[in-house]
Amino acid sequence: MLTLKRLTKRYKTGDLALQEVTLDIPQGQVVGLIGPSGAGKSTLIRCINRLVEPTAGTVQLKELNLTSLSQTALRRARRHMGMIFQEYALVERLTVMENVLSGQLGYVSFWRSLLRRFPTPAVQQAFAVLDRVGLLDHVDKRADALSGGQRQRVGIARALLQNPDLLLVDEPTASLDPKTSRQIMRLITEICAERQLAAIINIHDVALAQLFVQRIIGLRQGQVVYDGAPDGLTAEVLTDIYGAEDWSATIRKEPVEEPPVAEEEEPLPEKKLAVAR
Amino acid sequence: MQWKKPPFIANQWLRYGLLVGVVGYLVLGLNSIEVNWIRLWDGLPRGWAFVSGFLTPDFLSRGGDIWEGIVESLTMTLTSTVIGVLISVPIGVGAARNLAPTPVYLVCRSVIALSRSFQEVIIAILFVAMVGFGPLAGFLTLAFATIGFLAKLLAEDIEDIDESQAEAIRATGAGWLQLINYGIQPQVMPRLIGLSLYRLDINFRESAVIGIVGAGGIGATLNTAIDRYEYSSAAAILIIIIGFVLLAEYLSGFIRKKVQ
Amino acid sequence: MPIRDRDGSNIWQRRTSRQQWLSWFGWLLLVSLFIFCWRLMNENTLWMFVQDAPRQVIDITDRMTPPRWSYMERLWKPLWDTLNIATLGTLLGITMAVPVAFLAARNTTPSDRYVRPVAILVIVSSRSINSLIWALLLVSILGPGLLAGIIAIALRSIGFIGKLLYEAIEEIDHSQVEAVLATGASGSQVLDYAIVPQIMPAFAGISVFRWDINIRESTVLGLVGAGGIGLELSHSLNTLAWPQVSLIFIVILGTVVVSEWISARVRHAII
């Protein structure tokens with residue numbers, strides 16, 4: 001569904017961030033992108049929705065060639081690619097609902113968005129999505145009043161409101177504690193499974209990635225050096241990606257069938273709004 | 001063992017050179033003040049009259065003029081701030097590096113530079129020459145000065161925003177105006193409100209000055225009072241100005257706390 | 001909560017309807033206040049005059065060009081005077097502002113009850129009154145000349161420097177003060193070792209910043225007789241010598257640009 005062909009990015013400073021990256025990601029597949037800092041992980045996902053302009057190569061989403069689009073067409077295409085950020089990147093002074101609804105910005109006119117008059121289906125969907133990520137009780141709180149895990153849930157909700165075909169996820173757990181990290185990763189992968197969404201997840205925590213994703217891509221200095229199953233990450237492969245180190249503690253010994261179900265981050269009230277779906 | 005605090009400027013030549021330069025300037029500068037001691041001696045009772053005028057301010061004998069001047073000052077202040085803010089928002093957006101294309105950026109920056117380079121009084125002289133004496137010239141002056149002040153600070157604020165929030169909005173496929181409305185406005189709004197209130201305060205203070213050159217407001221009354229050595233009336237006017245500034249400061253503190 | 005049930009489905013609004021009404025009402029109030037002020041202000045405006053403005057603009061521009069460059073040789077002395085007013089005024093202002101700031105800062109004032117309010121009052125009065133008004137007063141008291149200008153600049157600077165400095169003093173890191181206190185230091189030693197080093201960069205920055213502002217302000221003090229280049233501006237305006245006026249504007253612009261550059265450089269070096 002998503003195809004990258006010989007994607008290359010050279011920054012103005014001369015740094016070669018991506019070198020001829022070629023990938024193909026089918027629908028519904030969740031891919032973990034690992035690699036040392038500066039390997040080009042962030043650049044790669046930003047080149048897909050062209051927040052960073054690639055220097056050469058093509059990106060194709062379904063039938064659409066993203067790299068050749070005009071600015072207007074690019075905006076329309078971006079609607080189909082939800083993005084989730086490392087430090088959540090919520091607009092902190094807006095409420096949770098406004099943040100979630102901002103996922104609809106590509107669909108509504110400027111005046112509607114200015115007056116906060118979003119179409120009813122969009123609002124219904126926002127309630128549904130907030131229910132799904134367990135934040136129905138925080139609708140009117142300001143984003144900066146939430147905890148880290150809650151903020152990332154808002155970030156996920158915002159991305160989902162775009163009705164995306166693809167999720168671009170940039171270090172979703174980098175600012176979270178281990179338990180919340182797992183909950184967020186589980187939420188993302190579950191949602192991808194529910195909606196048959198493809199996702200690319202940049203992640204530093206190799207063990208966490210192995211736990212949740214179906215495929216791992218290792219990036220080193222802008223080049224793909226590993227592409228395969230999570231179980232294929234041996235000490236040699238990790239050394240190839242990151243450099244020499246004792247990897248024995250990082251590698252998953254035996255495949256776990258299902259990650260243990262952890263309790264909720266905080267007890268969610270039973271009360272749920274009757275959302276007409 | 002001896003210890004001495006290391007000198008502030010390590011280079012010995014630079015240190016003593018600077019010292020000689022500063023002393024030389026002070027000698028030259030102080031010498032260029034010509035003090036007329038006789039005139040100064042004459043002035044002492046007047047100085048005393050002014051100080052005692054503060055203790056016995058006279059609000060009444062020029063009451064009508066003072067009232068008229070204050071009304072002019074207040075109306076000028078409010079209208080010029082409102083119009084100034086309205087104009088400075090688009091100019092400020094245009095003068096932000098991260099939002100505006102280069103030609104727009106340059107135009108907006110030159111407007112700001114032009115507005116900031118001259119004192120309000122000088123601008124007032126020009127506007128009085130154009131539209132005649134009265135508060136309209138004052139209004140134009142203050143509005144023009146507001147644009148330079150506010151647009152510059154707004155532009156700097158926009159350049160300092162958290163880029164990731166704007167990036168997230170851009171990634172949803174939002175248009176330029178939607179980006180401003182969702183990604184930028186929430187981040188800069190509290191400070192914009194704070195700055196506007198601060199400018200309201202400044203405009204009131206300036207409105208007391210530009211009257212001296214005929215641009216309306218309390219300044220003209222003050223000028224007359226001082227020229228005629230009516231220090232009790234002058235003191236009354238100054239007390240009113242200080243009172244309004246205090247009030248404005250208190251109110252803006254209150255409103256700023258509300259919007260945070 | 002701005003979620004309403006309507007026809008069994010949830011409606012989301014940014015504000016509750018009460019908030020919405022209040023917000024509309026606030027805007028309405030502001031707009032009507034603006035219109036009211038505008039009408040009051042322009043009761044006596046002669047719109048005939050205003051309609052004439054474009055012609056006046058062309059007329060003045062025409063008369064202002066070209067600037068009378070030969071007039072420059074008579075401007076050097078007033079320019080030097082302007083520089084002196086600003087610099088000496090700033091120095092005088094600093095010497096008065098520093099003690100006031102220490103008296104006004106909550107953590108260094110000798111008495112929160114009696115001394116602090118007085119210091120704050122001094123600062124507010126100084127800040128409220130523009131240097132041009134101070135000059136107007138001082139010229140009337142001391143007679144025209146540089147001295148009135150210098151004192152006017154100094155009096156206005158007290159409030160500016162005093163306010164920023166006392167805020168800086170209140171924001172210092174208290175643990176450093178405690179550490180010096182723990183050595184058994186006296187009050188003045190604490191000032192010297194714990195407080196002054198912390199506020200020094202802020203102090204230098206504030207002073208240079210004020211100097212820059214004072215250069216601008218001292219260019220116009222001459223309009224009321226307090227010396228400097230404004231005096232020449234006043235003469236030229238009174239004699240309608242527009243080519244001289246435009247030259248003076250150019251000189252003022254140049255001075256302001258240079259002083260801003262210097263102040264930016266110095267502040268950059270400090271921070």
# chains A, B, ... in the order shown; residues from 1 in each chain; ligands from 1
>>> interface_residues(of="chain B", to="chain A", cutoff="10 Å", atoms="only C-alpha atoms", output="ChimeraX atom specification")
/B:162-179,181-190,260
>>> interface_residues(of="chain C", to="chain B", cutoff="6 Å", atoms="only C-alpha atoms", output="NGL selection string")
:C and (34 or 37 or 41 or 49-50 or 53 or 56 or 84 or 128 or 141-142 or 146)
>>> write_last_selection(atoms="C-alpha atoms", output="tab-separated table (two decimals), in the first residue's frame")
chain	number	residue	atom	x	y	z
C	34	PHE	CA	-14.76	52.09	20.46
C	37	CYS	CA	-14.78	57.06	21.90
C	41	MET	CA	-12.78	62.26	19.96
C	49	PHE	CA	-8.56	69.59	6.91
C	50	VAL	CA	-8.30	65.83	6.91
C	53	ALA	CA	-4.11	65.54	4.05
C	56	GLN	CA	-0.35	68.24	2.49
C	84	ASN	CA	25.79	63.80	26.71
C	128	SER	CA	4.27	57.30	34.60
C	141	ILE	CA	12.31	75.49	37.16
C	142	LEU	CA	16.01	75.44	36.21
C	146	LEU	CA	21.54	70.64	29.10
>>> closest_residue(among="A:Tyr11, A:Trp247, A:Tyr242, A:Phe118", to="chain C", atoms="only C-alpha atoms")
A:Phe118
>>> residues_around(residues="Asp24 of chain A", least_positions_apart="4", cutoff="8 Å", atoms="only C-alpha atoms", output="PyMOL selection string")
chain A and resi 1-4
>>> residues_around(residues="Thr55 of chain A", least_positions_apart="3", cutoff="12 Å", atoms="only C-alpha atoms", output="PyMOL selection string")
chain A and resi 6-12+14-21+43-44+47-48+50+52+58-59+67-68
>>> interface_residues(of="chain A", to="chain C", cutoff="12 Å", atoms="only C-alpha atoms", output="mmCIF file with all heavy atoms, in the first residue's frame")
data_model
loop_
_atom_site.group_PDB
_atom_site.id
_atom_site.type_symbol
_atom_site.label_atom_id
_atom_site.label_comp_id
_atom_site.auth_asym_id
_atom_site.auth_seq_id
_atom_site.Cartn_x
_atom_site.Cartn_y
_atom_site.Cartn_z
ATOM 1 N N LEU A 94 -5.179 24.525 23.853
ATOM 2 C CA LEU A 94 -6.518 24.169 23.399
ATOM 3 C C LEU A 94 -7.023 22.996 24.225
ATOM 4 O O LEU A 94 -6.251 22.264 24.835
ATOM 5 C CB LEU A 94 -6.489 23.795 21.915
ATOM 6 C CG LEU A 94 -6.129 24.926 20.946
ATOM 7 C CD1 LEU A 94 -6.216 24.409 19.516
ATOM 8 C CD2 LEU A 94 -7.033 26.121 21.127
ATOM 9 N N THR A 95 -8.349 22.799 24.228
ATOM 10 C CA THR A 95 -8.915 21.696 24.985
ATOM 11 C C THR A 95 -8.637 20.385 24.263
ATOM 12 O O THR A 95 -8.241 20.372 23.095
ATOM 13 C CB THR A 95 -10.438 21.846 25.138
ATOM 14 O OG1 THR A 95 -11.009 21.835 23.842
ATOM 15 C CG2 THR A 95 -10.789 23.142 25.838
ATOM 16 N N VAL A 96 -8.888 19.290 24.998
ATOM 17 C CA VAL A 96 -8.702 17.969 24.418
ATOM 18 C C VAL A 96 -9.547 17.833 23.156
ATOM 19 O O VAL A 96 -9.069 17.383 22.111
ATOM 20 C CB VAL A 96 -9.088 16.898 25.462
ATOM 21 C CG1 VAL A 96 -9.221 15.537 24.799
ATOM 22 C CG2 VAL A 96 -8.062 16.865 26.575
ATOM 23 N N MET A 97 -10.814 18.273 23.235
ATOM 24 C CA MET A 97 -11.704 18.128 22.093
ATOM 25 C C MET A 97 -11.189 18.915 20.898
ATOM 26 O O MET A 97 -11.187 18.411 19.764
ATOM 27 C CB MET A 97 -13.103 18.605 22.486
ATOM 28 C CG MET A 97 -14.143 18.242 21.461
ATOM 29 S SD MET A 97 -14.051 16.504 20.995
ATOM 30 C CE MET A 97 -15.741 16.109 20.733
ATOM 31 N N GLU A 98 -10.746 20.139 21.131
ATOM 32 C CA GLU A 98 -10.242 20.930 20.008
ATOM 33 C C GLU A 98 -9.032 20.267 19.384
ATOM 34 O O GLU A 98 -8.868 20.246 18.164
ATOM 35 C CB GLU A 98 -9.890 22.343 20.489
ATOM 36 C CG GLU A 98 -11.100 23.235 20.641
ATOM 37 C CD GLU A 98 -10.745 24.545 21.318
ATOM 38 O OE1 GLU A 98 -10.429 24.532 22.524
ATOM 39 O OE2 GLU A 98 -10.769 25.561 20.634
ATOM 40 N N ASN A 99 -8.171 19.708 20.240
ATOM 41 C CA ASN A 99 -7.005 19.014 19.722
ATOM 42 C C ASN A 99 -7.411 17.827 18.857
ATOM 43 O O ASN A 99 -6.852 17.612 17.786
ATOM 44 C CB ASN A 99 -6.121 18.532 20.875
ATOM 45 C CG ASN A 99 -5.037 19.531 21.201
ATOM 46 O OD1 ASN A 99 -4.177 19.793 20.379
ATOM 47 N ND2 ASN A 99 -5.100 20.100 22.377
ATOM 48 N N VAL A 100 -8.395 17.062 19.349
ATOM 49 C CA VAL A 100 -8.810 15.886 18.588
ATOM 50 C C VAL A 100 -9.452 16.333 17.273
ATOM 51 O O VAL A 100 -9.146 15.810 16.206
ATOM 52 C CB VAL A 100 -9.785 15.032 19.416
ATOM 53 C CG1 VAL A 100 -10.355 13.907 18.568
ATOM 54 C CG2 VAL A 100 -9.063 14.464 20.624
ATOM 55 N N LEU A 101 -10.308 17.338 17.356
ATOM 56 C CA LEU A 101 -10.990 17.807 16.147
ATOM 57 C C LEU A 101 -10.015 18.411 15.146
ATOM 58 O O LEU A 101 -10.296 18.465 13.950
ATOM 59 C CB LEU A 101 -12.063 18.835 16.515
ATOM 60 C CG LEU A 101 -13.345 18.237 17.097
ATOM 61 C CD1 LEU A 101 -14.252 19.327 17.602
ATOM 62 C CD2 LEU A 101 -14.061 17.396 16.059
ATOM 63 N N SER A 113 -13.694 25.773 10.821
ATOM 64 C CA SER A 113 -12.712 25.471 11.855
ATOM 65 C C SER A 113 -12.508 26.679 12.749
ATOM 66 O O SER A 113 -12.283 26.556 13.946
ATOM 67 C CB SER A 113 -11.388 25.022 11.227
ATOM 68 O OG SER A 113 -10.828 26.058 10.460
ATOM 69 N N LEU A 114 -12.622 27.881 12.176
ATOM 70 C CA LEU A 114 -12.447 29.082 12.990
ATOM 71 C C LEU A 114 -13.547 29.182 14.036
ATOM 72 O O LEU A 114 -13.292 29.500 15.198
ATOM 73 C CB LEU A 114 -12.475 30.321 12.088
ATOM 74 C CG LEU A 114 -12.309 31.640 12.828
ATOM 75 C CD1 LEU A 114 -10.887 31.788 13.319
ATOM 76 C CD2 LEU A 114 -12.665 32.816 11.940
ATOM 77 N N LEU A 115 -14.781 28.891 13.621
ATOM 78 C CA LEU A 115 -15.910 29.014 14.547
ATOM 79 C C LEU A 115 -16.114 27.750 15.365
ATOM 80 O O LEU A 115 -17.036 27.669 16.157
ATOM 81 C CB LEU A 115 -17.180 29.333 13.762
ATOM 82 C CG LEU A 115 -17.102 30.648 12.983
ATOM 83 C CD1 LEU A 115 -18.294 30.791 12.056
ATOM 84 C CD2 LEU A 115 -17.037 31.825 13.943
ATOM 85 N N ARG A 116 -15.248 26.762 15.168
ATOM 86 C CA ARG A 116 -15.340 25.474 15.868
ATOM 87 C C ARG A 116 -16.674 24.783 15.588
ATOM 88 O O ARG A 116 -17.241 24.124 16.435
ATOM 89 C CB ARG A 116 -15.160 25.638 17.391
ATOM 90 C CG ARG A 116 -13.905 26.404 17.833
ATOM 91 C CD ARG A 116 -12.645 25.705 17.363
ATOM 92 N NE ARG A 116 -11.441 26.128 18.071
ATOM 93 C CZ ARG A 116 -10.528 26.969 17.581
ATOM 94 N NH1 ARG A 116 -10.699 27.514 16.397
ATOM 95 N NH2 ARG A 116 -9.449 27.246 18.269
ATOM 96 N N ARG A 117 -17.216 25.012 14.386
ATOM 97 C CA ARG A 117 -18.457 24.339 13.993
ATOM 98 C C ARG A 117 -18.119 23.156 13.118
ATOM 99 O O ARG A 117 -18.217 23.239 11.889
ATOM 100 C CB ARG A 117 -19.367 25.305 13.231
ATOM 101 C CG ARG A 117 -19.941 26.409 14.042
ATOM 102 C CD ARG A 117 -21.115 25.890 14.870
ATOM 103 N NE ARG A 117 -21.298 26.744 16.050
ATOM 104 C CZ ARG A 117 -21.915 27.907 16.025
ATOM 105 N NH1 ARG A 117 -22.422 28.351 14.913
ATOM 106 N NH2 ARG A 117 -22.007 28.635 17.125
ATOM 107 N N PHE A 118 -17.678 22.066 13.744
ATOM 108 C CA PHE A 118 -17.319 20.911 12.939
ATOM 109 C C PHE A 118 -18.576 20.139 12.596
ATOM 110 O O PHE A 118 -19.549 20.164 13.352
ATOM 111 C CB PHE A 118 -16.329 20.037 13.698
ATOM 112 C CG PHE A 118 -14.954 20.631 13.746
ATOM 113 C CD1 PHE A 118 -14.624 21.550 14.728
ATOM 114 C CD2 PHE A 118 -14.010 20.310 12.799
ATOM 115 C CE1 PHE A 118 -13.363 22.116 14.771
ATOM 116 C CE2 PHE A 118 -12.748 20.873 12.827
ATOM 117 C CZ PHE A 118 -12.422 21.770 13.813
ATOM 118 N N PRO A 119 -18.582 19.432 11.457
ATOM 119 C CA PRO A 119 -19.761 18.657 11.076
ATOM 120 C C PRO A 119 -20.094 17.632 12.154
ATOM 121 O O PRO A 119 -19.184 17.069 12.780
ATOM 122 C CB PRO A 119 -19.339 17.958 9.783
ATOM 123 C CG PRO A 119 -18.070 18.592 9.353
ATOM 124 C CD PRO A 119 -17.500 19.344 10.485
ATOM 125 N N THR A 120 -21.388 17.382 12.349
ATOM 126 C CA THR A 120 -21.812 16.475 13.406
ATOM 127 C C THR A 120 -21.144 15.105 13.321
ATOM 128 O O THR A 120 -20.705 14.587 14.351
ATOM 129 C CB THR A 120 -23.334 16.337 13.395
ATOM 130 O OG1 THR A 120 -23.893 17.639 13.219
ATOM 131 C CG2 THR A 120 -23.847 15.740 14.674
ATOM 132 N N PRO A 121 -21.065 14.494 12.135
ATOM 133 C CA PRO A 121 -20.409 13.167 12.091
ATOM 134 C C PRO A 121 -18.985 13.226 12.636
ATOM 135 O O PRO A 121 -18.551 12.321 13.346
ATOM 136 C CB PRO A 121 -20.398 12.816 10.603
ATOM 137 C CG PRO A 121 -21.419 13.685 9.976
ATOM 138 C CD PRO A 121 -21.538 14.913 10.808
ATOM 139 N N ALA A 122 -18.270 14.314 12.344
ATOM 140 C CA ALA A 122 -16.905 14.426 12.823
ATOM 141 C C ALA A 122 -16.881 14.486 14.348
ATOM 142 O O ALA A 122 -16.054 13.842 14.998
ATOM 143 C CB ALA A 122 -16.246 15.675 12.233
ATOM 144 N N VAL A 123 -17.821 15.247 14.912
ATOM 145 C CA VAL A 123 -17.866 15.358 16.367
ATOM 146 C C VAL A 123 -18.231 14.008 16.983
ATOM 147 O O VAL A 123 -17.645 13.580 17.977
ATOM 148 C CB VAL A 123 -18.867 16.454 16.776
ATOM 149 C CG1 VAL A 123 -18.941 16.557 18.286
ATOM 150 C CG2 VAL A 123 -18.450 17.788 16.184
ATOM 151 N N GLN A 124 -19.209 13.328 16.367
ATOM 152 C CA GLN A 124 -19.577 11.995 16.867
ATOM 153 C C GLN A 124 -18.365 11.063 16.841
ATOM 154 O O GLN A 124 -18.095 10.330 17.776
ATOM 155 C CB GLN A 124 -20.684 11.388 16.000
ATOM 156 C CG GLN A 124 -21.992 12.163 16.033
ATOM 157 C CD GLN A 124 -22.467 12.397 17.446
ATOM 158 O OE1 GLN A 124 -22.357 11.517 18.294
ATOM 159 N NE2 GLN A 124 -22.954 13.604 17.711
ATOM 160 N N GLN A 125 -17.634 11.158 15.743
ATOM 161 C CA GLN A 125 -16.462 10.303 15.599
ATOM 162 C C GLN A 125 -15.433 10.648 16.674
ATOM 163 O O GLN A 125 -14.803 9.765 17.252
ATOM 164 C CB GLN A 125 -15.875 10.503 14.208
ATOM 165 C CG GLN A 125 -14.893 9.430 13.836
ATOM 166 C CD GLN A 125 -14.061 9.835 12.632
ATOM 167 O OE1 GLN A 125 -14.358 10.830 11.967
ATOM 168 N NE2 GLN A 125 -13.036 9.057 12.360
ATOM 169 N N ALA A 126 -15.297 11.951 16.945
ATOM 170 C CA ALA A 126 -14.341 12.366 17.961
ATOM 171 C C ALA A 126 -14.710 11.777 19.314
ATOM 172 O O ALA A 126 -13.846 11.280 20.042
ATOM 173 C CB ALA A 126 -14.292 13.887 18.034
ATOM 174 N N PHE A 127 -16.016 11.800 19.631
ATOM 175 C CA PHE A 127 -16.445 11.202 20.898
ATOM 176 C C PHE A 127 -16.116 9.710 20.907
ATOM 177 O O PHE A 127 -15.633 9.168 21.897
ATOM 178 C CB PHE A 127 -17.950 11.396 21.093
ATOM 179 C CG PHE A 127 -18.293 12.720 21.692
ATOM 180 C CD1 PHE A 127 -19.044 13.643 20.988
ATOM 181 C CD2 PHE A 127 -17.849 13.048 22.970
ATOM 182 C CE1 PHE A 127 -19.357 14.869 21.545
ATOM 183 C CE2 PHE A 127 -18.160 14.271 23.523
ATOM 184 C CZ PHE A 127 -18.911 15.189 22.807
ATOM 185 N N ALA A 128 -16.387 9.059 19.779
ATOM 186 C CA ALA A 128 -16.141 7.619 19.715
ATOM 187 C C ALA A 128 -14.661 7.317 19.913
ATOM 188 O O ALA A 128 -14.286 6.411 20.667
ATOM 189 C CB ALA A 128 -16.619 7.098 18.360
ATOM 190 N N LEU A 136 -12.936 9.916 27.644
ATOM 191 C CA LEU A 136 -14.212 10.625 27.526
ATOM 192 C C LEU A 136 -14.429 11.637 28.650
ATOM 193 O O LEU A 136 -15.114 12.635 28.476
ATOM 194 C CB LEU A 136 -15.360 9.622 27.533
ATOM 195 C CG LEU A 136 -15.971 9.340 26.174
ATOM 196 C CD1 LEU A 136 -17.265 8.580 26.331
ATOM 197 C CD2 LEU A 136 -16.203 10.616 25.390
ATOM 198 N N ASP A 137 -13.826 11.390 29.797
ATOM 199 C CA ASP A 137 -14.070 12.284 30.931
ATOM 200 C C ASP A 137 -13.221 13.540 30.883
ATOM 201 O O ASP A 137 -13.341 14.407 31.740
ATOM 202 C CB ASP A 137 -13.802 11.553 32.251
ATOM 203 C CG ASP A 137 -14.892 10.541 32.507
ATOM 204 O OD1 ASP A 137 -15.983 10.732 31.948
ATOM 205 O OD2 ASP A 137 -14.637 9.585 33.251
ATOM 206 N N HIS A 138 -12.331 13.618 29.920
ATOM 207 C CA HIS A 138 -11.396 14.756 29.914
ATOM 208 C C HIS A 138 -11.624 15.679 28.725
ATOM 209 O O HIS A 138 -10.767 16.493 28.413
ATOM 210 C CB HIS A 138 -9.963 14.237 29.892
ATOM 211 C CG HIS A 138 -9.651 13.329 31.034
ATOM 212 N ND1 HIS A 138 -9.341 13.812 32.278
ATOM 213 C CD2 HIS A 138 -9.628 11.991 31.133
ATOM 214 C CE1 HIS A 138 -9.127 12.792 33.092
ATOM 215 N NE2 HIS A 138 -9.297 11.675 32.423
ATOM 216 N N VAL A 139 -12.796 15.549 28.111
ATOM 217 C CA VAL A 139 -13.060 16.254 26.858
ATOM 218 C C VAL A 139 -12.742 17.741 26.936
ATOM 219 O O VAL A 139 -12.141 18.310 26.039
ATOM 220 C CB VAL A 139 -14.542 16.057 26.457
ATOM 221 C CG1 VAL A 139 -14.926 16.969 25.319
ATOM 222 C CG2 VAL A 139 -14.777 14.615 26.082
ATOM 223 N N ASP A 140 -13.142 18.377 28.026
ATOM 224 C CA ASP A 140 -13.009 19.830 28.075
ATOM 225 C C ASP A 140 -11.831 20.300 28.912
ATOM 226 O O ASP A 140 -11.730 21.473 29.240
ATOM 227 C CB ASP A 140 -14.301 20.447 28.576
ATOM 228 C CG ASP A 140 -15.340 20.426 27.484
ATOM 229 O OD1 ASP A 140 -14.972 20.758 26.348
ATOM 230 O OD2 ASP A 140 -16.481 20.053 27.754
ATOM 231 N N LYS A 141 -10.945 19.379 29.250
ATOM 232 C CA LYS A 141 -9.729 19.818 29.937
ATOM 233 C C LYS A 141 -8.772 20.400 28.919
ATOM 234 O O LYS A 141 -8.804 20.042 27.742
ATOM 235 C CB LYS A 141 -9.071 18.617 30.608
ATOM 236 C CG LYS A 141 -9.684 18.293 31.937
ATOM 237 C CD LYS A 141 -8.704 17.485 32.769
ATOM 238 C CE LYS A 141 -9.373 17.051 34.037
ATOM 239 N NZ LYS A 141 -8.998 15.699 34.415
ATOM 240 N N ARG A 142 -7.933 21.288 29.389
ATOM 241 C CA ARG A 142 -6.911 21.789 28.486
ATOM 242 C C ARG A 142 -5.798 20.760 28.369
ATOM 243 O O ARG A 142 -5.507 20.042 29.331
ATOM 244 C CB ARG A 142 -6.351 23.106 29.012
ATOM 245 C CG ARG A 142 -6.615 24.238 28.057
ATOM 246 C CD ARG A 142 -6.366 25.551 28.678
ATOM 247 N NE ARG A 142 -4.958 25.730 29.046
ATOM 248 C CZ ARG A 142 -4.466 26.907 29.384
ATOM 249 N NH1 ARG A 142 -5.236 27.957 29.384
ATOM 250 N NH2 ARG A 142 -3.211 27.038 29.739
ATOM 251 N N LEU A 273 -20.516 7.740 27.822
ATOM 252 C CA LEU A 273 -21.571 8.487 27.159
ATOM 253 C C LEU A 273 -22.212 7.623 26.088
ATOM 254 O O LEU A 273 -21.549 6.851 25.415
ATOM 255 C CB LEU A 273 -20.994 9.746 26.521
ATOM 256 C CG LEU A 273 -20.853 10.915 27.467
ATOM 257 C CD1 LEU A 273 -20.038 11.993 26.820
ATOM 258 C CD2 LEU A 273 -22.211 11.447 27.849
ATOM 259 N N ALA A 274 -23.502 7.781 25.968
ATOM 260 C CA ALA A 274 -24.210 7.031 24.943
ATOM 261 C C ALA A 274 -23.938 7.664 23.598
ATOM 262 O O ALA A 274 -24.579 8.612 23.190
ATOM 263 C CB ALA A 274 -25.710 7.037 25.247
ATOM 264 N N VAL A 275 -22.902 7.159 22.971
ATOM 265 C CA VAL A 275 -22.545 7.743 21.693
ATOM 266 C C VAL A 275 -23.321 7.021 20.597
ATOM 267 O O VAL A 275 -23.233 5.808 20.465
ATOM 268 C CB VAL A 275 -21.040 7.604 21.446
ATOM 269 C CG1 VAL A 275 -20.677 8.182 20.103
ATOM 270 C CG2 VAL A 275 -20.281 8.306 22.542
ATOM 271 N N ALA A 276 -24.065 7.787 19.888
ATOM 272 C CA ALA A 276 -24.824 7.180 18.789
ATOM 273 C C ALA A 276 -23.876 6.884 17.645
ATOM 274 O O ALA A 276 -23.273 7.778 17.096
ATOM 275 C CB ALA A 276 -25.924 8.130 18.339
ATOM 276 N N ARG A 277 -23.714 5.608 17.354
ATOM 277 C CA ARG A 277 -22.797 5.281 16.259
ATOM 278 C C ARG A 277 -23.564 4.790 15.071
ATOM 279 O O ARG A 277 -24.557 4.113 15.232
ATOM 280 C CB ARG A 277 -21.820 4.195 16.706
ATOM 281 C CG ARG A 277 -20.854 4.769 17.702
ATOM 282 C CD ARG A 277 -19.774 3.770 18.027
ATOM 283 N NE ARG A 277 -19.454 3.852 19.451
ATOM 284 C CZ ARG A 277 -18.499 3.164 20.003
ATOM 285 N NH1 ARG A 277 -17.790 2.345 19.299
ATOM 286 N NH2 ARG A 277 -18.256 3.296 21.270
#
>>> closest_residue(among="C:Pro243, C:Pro99, C:Pro54, C:Gly89", to="Lys163 of chain C", atoms="only C-alpha atoms")
C:Pro99
>>> residues_around(residues="segment 169-178 of chain A", least_positions_apart="3", cutoff="8 Å", atoms="only C-alpha atoms", output="PyMOL selection string")
chain A and resi 42+45+83-88+148-149+152+181-182+184-185+199-204
>>> residues_around(residues="Ala152 of chain C", least_positions_apart="5", cutoff="8 Å", atoms="only C-alpha atoms", output="NGL selection string")
:C and (89 or 131-132 or 134-135 or 138)
>>> closest_residue(among="A:Leu69, A:Val133, A:Val31, A:Val225", to="Leu160 of chain A", atoms="only C-alpha atoms")
A:Val133
>>> atom_distance(atom1="atom CA of Gly227 of chain C", atom2="atom CA of Thr87 of chain C")
13.9 Å
